[in-house]
Amino acid sequence: MSHMKIFTYPEPVLKKNAEPVKNIDEELQEIIDQMLETMYAAPGIGLAANQVGVLKRVIVFDGSPREEGANPQILINPEIVAAEGSIKWDEACLSVPDFTAEVNRNANIQVKGLDRNGKPLELEAKDLLAVCLQHEIDHLDGILFIDRISRLKRALYKKKLKKMEKGKSSK
Ligand SMILES: [Zn+2]
């Protein structure tokens with residue numbers, strides 16, 4: 001099994017809307033396995049299909065503490081059905097390297113979707129897991145966490161990015 005390439009900002013695929021999954025077939029199972037491998041190898045606690053260039057509404061995540069071992073979770077066609085409270089979290093993203101910023105999210109959410117076998121699934125999440133799920137579902141709608149921060153902070157990131165690009169090309 002191979003790792004997938006993780007696309008980074010400003011790659012256009014990150015700005016696109018992912019399509020709902022209609023067929024849960026072998027091909028999709030393979031994508032899910034590769035996404036999980038890629039997430040754990042990164043390492044990250046969540047990955048949306050857009051990030052590996054697949055425009056299907058699939059997210060994988062694992063918010064459990066490392067010492068408890070891996071607990072891979074998959075949601076197909078995830079949808080937030082209820083949300084309340086607010087929480088500020090310092091977010092990072094595998095598609096936005098070397099940058100973190102505080103983002104406002106709902107503190108408690110209820111999400112529904114399908115598991116990897118197509119069985120309906122509903123789950124409640126709070127704190128880190130709630131933040132992670134909102135972040136990943138945003139990806140499926142073409143939204144990055146830097147779209148949810150102030151224009152000033154976003155400008156800082158773009159500046160930093162330009163500097164990093166320059167550094168690369170002068171080598
Ligand atoms: Zn992300």
# chains A, B, ... in the order shown; residues from 1 in each chain; ligands from 1
$ residues_near_ligand --ligand "ligand 1" --cutoff "9 Å" --atoms "only C-alpha atoms and all ligand atoms" --output "PyMOL selection string"
chain A and resi 46-48+51+91-96+132+135-136+138-139+143-145
$ residues_around --residues "Lys158 (chain A)" --least-positions-apart "3" --cutoff "12 Å" --atoms "only C-alpha atoms" --output "list in words"
Tyr9, Pro10, Val96, Pro97, Asp98, Phe99, Ile146, Asp147, Arg151, Leu152, Lys153, Arg154, Ala155, Leu161, Lys162, Lys163, Met164 and Glu165 of chain A
$ select_by_dssp --residues "region 16-162 of chain A" --states "alpha helix (DSSP H)" --output "number ranges by chain"
A: 26-41, 127-140, 151-162
$ select_by_dssp --residues "chain A" --states "strand (DSSP E)" --output "PyMOL selection string"
chain A and resi 46-48+58-61+73-84+87-93+96-105+108-114+120-126
$ residues_around --residues "region 62-76 of chain A" --least-positions-apart "4" --cutoff "8 Å" --atoms "only C-alpha atoms" --output "PyMOL selection string"
chain A and resi 21+32+36+45-46+57-58+113-116+118+128-129+132
$ closest_residue --among "A:Lys160, A:Lys166, A:Pro120, A:Met4" --to "Ala42 (chain A)" --atoms "only C-alpha atoms"
A:Met4
$ closest_residue --among "A:Leu121, A:Ile87, A:Glu26, A:His3" --to "Ala41 (chain A)" --atoms "only C-alpha atoms"
A:His3
$ residues_around --residues "Ile137 (chain A)" --least-positions-apart "4" --cutoff "7 Å" --atoms "only C-alpha atoms" --output "PyMOL selection string"
chain A and resi 78+133+141
$ write_last_selection --atoms "N, CA, C and O atoms" --output "PDB file, in the first residue's frame"
ATOM      1  N   PRO A  78     -20.571  12.863   5.373  1.00  0.00           N
ATOM      2  CA  PRO A  78     -20.859  13.390   6.706  1.00  0.00           C
ATOM      3  C   PRO A  78     -21.645  14.692   6.644  1.00  0.00           C
ATOM      4  O   PRO A  78     -21.486  15.478   5.706  1.00  0.00           O
ATOM      5  N   LEU A 133     -13.839  17.278  13.343  1.00  0.00           N
ATOM      6  CA  LEU A 133     -14.898  16.942  12.384  1.00  0.00           C
ATOM      7  C   LEU A 133     -15.361  18.172  11.604  1.00  0.00           C
ATOM      8  O   LEU A 133     -15.569  18.095  10.386  1.00  0.00           O
ATOM      9  N   ASP A 141     -16.266  20.930   1.606  1.00  0.00           N
ATOM     10  CA  ASP A 141     -16.944  22.086   0.999  1.00  0.00           C
ATOM     11  C   ASP A 141     -15.950  23.093   0.431  1.00  0.00           C
ATOM     12  O   ASP A 141     -16.319  24.223   0.104  1.00  0.00           O
TER      13      ASP A 141
END
$ atom_distance --atom1 "CA of Asn77 (chain A)" --atom2 "CA of Met39 (chain A)"
18.7 Å
$ residues_around --residues "Val54 (chain A)" --least-positions-apart "5" --cutoff "10 Å" --atoms "only C-alpha atoms" --output "PyMOL selection string"
chain A and resi 13-14+18-19+31+48-49+140
$ closest_residue --among "A:Gln134, A:Asn106, A:Ser169, A:Ser86" --to "Ile59 (chain A)" --atoms "only C-alpha atoms"
A:Gln134
$ atom_distance --atom1 "CA of Ile6 (chain A)" --atom2 "CA of Ile80 (chain A)"
24.8 Å
$ atom_distance --atom1 "CA of Glu30 (chain A)" --atom2 "CA of Lys56 (chain A)"
13.1 Å
$ closest_residue --among "A:Lys126, A:Asn17, A:Ile24, A:Pro43" --to "Ala83 (chain A)" --atoms "only C-alpha atoms"
A:Lys126
$ decode --residues "region 60-104 of chain A" --atoms "N, CA and C atoms" --output "PDB file, in the first residue's frame"
ATOM      1  N   VAL A  60     -11.553  10.660   7.117  1.00  0.00           N
ATOM      2  CA  VAL A  60     -11.068   9.680   8.081  1.00  0.00           C
ATOM      3  C   VAL A  60     -10.493  10.486   9.241  1.00  0.00           C
ATOM      4  N   PHE A  61     -10.596   9.935  10.422  1.00  0.00           N
ATOM      5  CA  PHE A  61     -10.085  10.665  11.584  1.00  0.00           C
ATOM      6  C   PHE A  61      -9.806   9.699  12.731  1.00  0.00           C
ATOM      7  N   ASP A  62      -8.998  10.174  13.659  1.00  0.00           N
ATOM      8  CA  ASP A  62      -8.701   9.406  14.865  1.00  0.00           C
ATOM      9  C   ASP A  62      -8.299  10.402  15.931  1.00  0.00           C
ATOM     10  N   GLY A  63      -9.249  10.730  16.777  1.00  0.00           N
ATOM     11  CA  GLY A  63      -8.989  11.737  17.806  1.00  0.00           C
ATOM     12  C   GLY A  63      -8.588  11.129  19.133  1.00  0.00           C
ATOM     13  N   SER A  64      -8.382   9.823  19.162  1.00  0.00           N
ATOM     14  CA  SER A  64      -8.079   9.196  20.454  1.00  0.00           C
ATOM     15  C   SER A  64      -6.616   9.409  20.828  1.00  0.00           C
ATOM     16  N   PRO A  65      -6.362   9.529  22.143  1.00  0.00           N
ATOM     17  CA  PRO A  65      -4.985   9.748  22.584  1.00  0.00           C
ATOM     18  C   PRO A  65      -4.080   8.618  22.121  1.00  0.00           C
ATOM     19  N   ARG A  66      -2.859   8.987  21.778  1.00  0.00           N
ATOM     20  CA  ARG A  66      -1.907   8.040  21.216  1.00  0.00           C
ATOM     21  C   ARG A  66      -1.715   6.795  22.089  1.00  0.00           C
ATOM     22  N   GLU A  67      -1.668   7.014  23.415  1.00  0.00           N
ATOM     23  CA  GLU A  67      -1.377   5.874  24.298  1.00  0.00           C
ATOM     24  C   GLU A  67      -2.510   4.842  24.301  1.00  0.00           C
ATOM     25  N   GLU A  68      -3.669   5.243  23.797  1.00  0.00           N
ATOM     26  CA  GLU A  68      -4.782   4.283  23.743  1.00  0.00           C
ATOM     27  C   GLU A  68      -4.771   3.455  22.461  1.00  0.00           C
ATOM     28  N   GLY A  69      -3.823   3.743  21.603  1.00  0.00           N
ATOM     29  CA  GLY A  69      -3.731   2.980  20.357  1.00  0.00           C
ATOM     30  C   GLY A  69      -4.615   3.565  19.271  1.00  0.00           C
ATOM     31  N   ALA A  70      -4.498   3.003  18.085  1.00  0.00           N
ATOM     32  CA  ALA A  70      -5.227   3.552  16.943  1.00  0.00           C
ATOM     33  C   ALA A  70      -6.720   3.207  17.015  1.00  0.00           C
ATOM     34  N   ASN A  71      -7.518   4.194  16.653  1.00  0.00           N
ATOM     35  CA  ASN A  71      -8.958   3.982  16.580  1.00  0.00           C
ATOM     36  C   ASN A  71      -9.464   4.662  15.308  1.00  0.00           C
ATOM     37  N   PRO A  72      -9.152   4.047  14.156  1.00  0.00           N
ATOM     38  CA  PRO A  72      -9.495   4.688  12.888  1.00  0.00           C
ATOM     39  C   PRO A  72     -11.002   4.807  12.694  1.00  0.00           C
ATOM     40  N   GLN A  73     -11.436   6.002  12.339  1.00  0.00           N
ATOM     41  CA  GLN A  73     -12.855   6.212  12.096  1.00  0.00           C
ATOM     42  C   GLN A  73     -13.056   6.804  10.705  1.00  0.00           C
ATOM     43  N   ILE A  74     -14.177   6.408  10.107  1.00  0.00           N
ATOM     44  CA  ILE A  74     -14.462   6.806   8.729  1.00  0.00           C
ATOM     45  C   ILE A  74     -15.878   7.342   8.663  1.00  0.00           C
ATOM     46  N   LEU A  75     -16.057   8.425   7.946  1.00  0.00           N
ATOM     47  CA  LEU A  75     -17.413   8.906   7.695  1.00  0.00           C
ATOM     48  C   LEU A  75     -17.555   9.231   6.224  1.00  0.00           C
ATOM     49  N   ILE A  76     -18.592   8.659   5.630  1.00  0.00           N
ATOM     50  CA  ILE A  76     -18.908   8.918   4.230  1.00  0.00           C
ATOM     51  C   ILE A  76     -20.135   9.824   4.205  1.00  0.00           C
ATOM     52  N   ASN A  77     -20.117  10.802   3.353  1.00  0.00           N
ATOM     53  CA  ASN A  77     -21.198  11.795   3.251  1.00  0.00           C
ATOM     54  C   ASN A  77     -21.566  12.398   4.614  1.00  0.00           C
ATOM     55  N   PRO A  78     -20.571  12.863   5.373  1.00  0.00           N
ATOM     56  CA  PRO A  78     -20.859  13.390   6.706  1.00  0.00           C
ATOM     57  C   PRO A  78     -21.645  14.692   6.644  1.00  0.00           C
ATOM     58  N   GLU A  79     -22.480  14.852   7.642  1.00  0.00           N
ATOM     59  CA  GLU A  79     -23.349  16.025   7.694  1.00  0.00           C
ATOM     60  C   GLU A  79     -23.511  16.424   9.151  1.00  0.00           C
ATOM     61  N   ILE A  80     -23.367  17.706   9.426  1.00  0.00           N
ATOM     62  CA  ILE A  80     -23.577  18.174  10.795  1.00  0.00           C
ATOM     63  C   ILE A  80     -25.073  18.428  10.963  1.00  0.00           C
ATOM     64  N   VAL A  81     -25.697  17.713  11.897  1.00  0.00           N
ATOM     65  CA  VAL A  81     -27.144  17.847  12.049  1.00  0.00           C
ATOM     66  C   VAL A  81     -27.523  18.719  13.247  1.00  0.00           C
ATOM     67  N   ALA A  82     -26.610  18.892  14.186  1.00  0.00           N
ATOM     68  CA  ALA A  82     -26.862  19.786  15.307  1.00  0.00           C
ATOM     69  C   ALA A  82     -25.536  20.334  15.800  1.00  0.00           C
ATOM     70  N   ALA A  83     -25.563  21.575  16.252  1.00  0.00           N
ATOM     71  CA  ALA A  83     -24.327  22.194  16.738  1.00  0.00           C
ATOM     72  C   ALA A  83     -24.678  23.218  17.795  1.00  0.00           C
ATOM     73  N   GLU A  84     -23.870  23.261  18.850  1.00  0.00           N
ATOM     74  CA  GLU A  84     -24.106  24.275  19.869  1.00  0.00           C
ATOM     75  C   GLU A  84     -22.813  24.612  20.605  1.00  0.00           C
ATOM     76  N   GLY A  85     -22.874  25.728  21.309  1.00  0.00           N
ATOM     77  CA  GLY A  85     -21.726  26.166  22.082  1.00  0.00           C
ATOM     78  C   GLY A  85     -20.619  26.675  21.193  1.00  0.00           C
ATOM     79  N   SER A  86     -19.620  27.283  21.787  1.00  0.00           N
ATOM     80  CA  SER A  86     -18.496  27.714  20.964  1.00  0.00           C
ATOM     81  C   SER A  86     -17.190  27.405  21.677  1.00  0.00           C
ATOM     82  N   ILE A  87     -16.186  27.219  20.860  1.00  0.00           N
ATOM     83  CA  ILE A  87     -14.877  26.840  21.373  1.00  0.00           C
ATOM     84  C   ILE A  87     -13.830  27.441  20.447  1.00  0.00           C
ATOM     85  N   LYS A  88     -12.716  27.850  21.045  1.00  0.00           N
ATOM     86  CA  LYS A  88     -11.606  28.363  20.248  1.00  0.00           C
ATOM     87  C   LYS A  88     -10.502  27.332  20.308  1.00  0.00           C
ATOM     88  N   TRP A  89      -9.969  26.981  19.162  1.00  0.00           N
ATOM     89  CA  TRP A  89      -8.943  25.946  19.128  1.00  0.00           C
ATOM     90  C   TRP A  89      -7.819  26.375  18.195  1.00  0.00           C
ATOM     91  N   ASP A  90      -6.613  26.098  18.592  1.00  0.00           N
ATOM     92  CA  ASP A  90      -5.466  26.395  17.750  1.00  0.00           C
ATOM     93  C   ASP A  90      -5.376  25.291  16.696  1.00  0.00           C
ATOM     94  N   GLU A  91      -5.780  25.608  15.469  1.00  0.00           N
ATOM     95  CA  GLU A  91      -5.861  24.562  14.449  1.00  0.00           C
ATOM     96  C   GLU A  91      -4.646  24.523  13.540  1.00  0.00           C
ATOM     97  N   ALA A  92      -4.408  23.344  13.033  1.00  0.00           N
ATOM     98  CA  ALA A  92      -3.361  23.136  12.046  1.00  0.00           C
ATOM     99  C   ALA A  92      -3.943  22.241  10.974  1.00  0.00           C
ATOM    100  N   CYS A  93      -3.267  22.151   9.842  1.00  0.00           N
ATOM    101  CA  CYS A  93      -3.808  21.362   8.745  1.00  0.00           C
ATOM    102  C   CYS A  93      -2.664  20.824   7.904  1.00  0.00           C
ATOM    103  N   LEU A  94      -2.761  19.559   7.523  1.00  0.00           N
ATOM    104  CA  LEU A  94      -1.713  18.962   6.697  1.00  0.00           C
ATOM    105  C   LEU A  94      -1.593  19.670   5.352  1.00  0.00           C
ATOM    106  N   SER A  95      -2.668  20.385   4.947  1.00  0.00           N
ATOM    107  CA  SER A  95      -2.643  21.103   3.672  1.00  0.00           C
ATOM    108  C   SER A  95      -2.199  22.558   3.827  1.00  0.00           C
ATOM    109  N   VAL A  96      -1.949  22.960   5.076  1.00  0.00           N
ATOM    110  CA  VAL A  96      -1.468  24.322   5.338  1.00  0.00           C
ATOM    111  C   VAL A  96      -0.220  24.194   6.216  1.00  0.00           C
ATOM    112  N   PRO A  97       0.904  23.812   5.618  1.00  0.00           N
ATOM    113  CA  PRO A  97       2.092  23.478   6.407  1.00  0.00           C
ATOM    114  C   PRO A  97       2.631  24.672   7.199  1.00  0.00           C
ATOM    115  N   ASP A  98       3.208  24.349   8.340  1.00  0.00           N
ATOM    116  CA  ASP A  98       3.922  25.326   9.161  1.00  0.00           C
ATOM    117  C   ASP A  98       3.091  26.518   9.577  1.00  0.00           C
ATOM    118  N   PHE A  99       1.834  26.287   9.908  1.00  0.00           N
ATOM    119  CA  PHE A  99       0.997  27.397  10.343  1.00  0.00           C
ATOM    120  C   PHE A  99      -0.106  26.887  11.257  1.00  0.00           C
ATOM    121  N   THR A 100      -0.336  27.634  12.332  1.00  0.00           N
ATOM    122  CA  THR A 100      -1.487  27.335  13.175  1.00  0.00           C
ATOM    123  C   THR A 100      -2.181  28.650  13.480  1.00  0.00           C
ATOM    124  N   ALA A 101      -3.469  28.588  13.749  1.00  0.00           N
ATOM    125  CA  ALA A 101      -4.213  29.787  14.127  1.00  0.00           C
ATOM    126  C   ALA A 101      -5.459  29.378  14.878  1.00  0.00           C
ATOM    127  N   GLU A 102      -5.886  30.266  15.755  1.00  0.00           N
ATOM    128  CA  GLU A 102      -7.084  29.996  16.535  1.00  0.00           C
ATOM    129  C   GLU A 102      -8.327  30.190  15.664  1.00  0.00           C
ATOM    130  N   VAL A 103      -9.226  29.225  15.735  1.00  0.00           N
ATOM    131  CA  VAL A 103     -10.454  29.279  14.952  1.00  0.00           C
ATOM    132  C   VAL A 103     -11.635  29.084  15.901  1.00  0.00           C
ATOM    133  N   ASN A 104     -12.723  29.800  15.640  1.00  0.00           N
ATOM    134  CA  ASN A 104     -13.952  29.614  16.415  1.00  0.00           C
ATOM    135  C   ASN A 104     -14.773  28.493  15.810  1.00  0.00           C
TER     136      ASN A 104
END
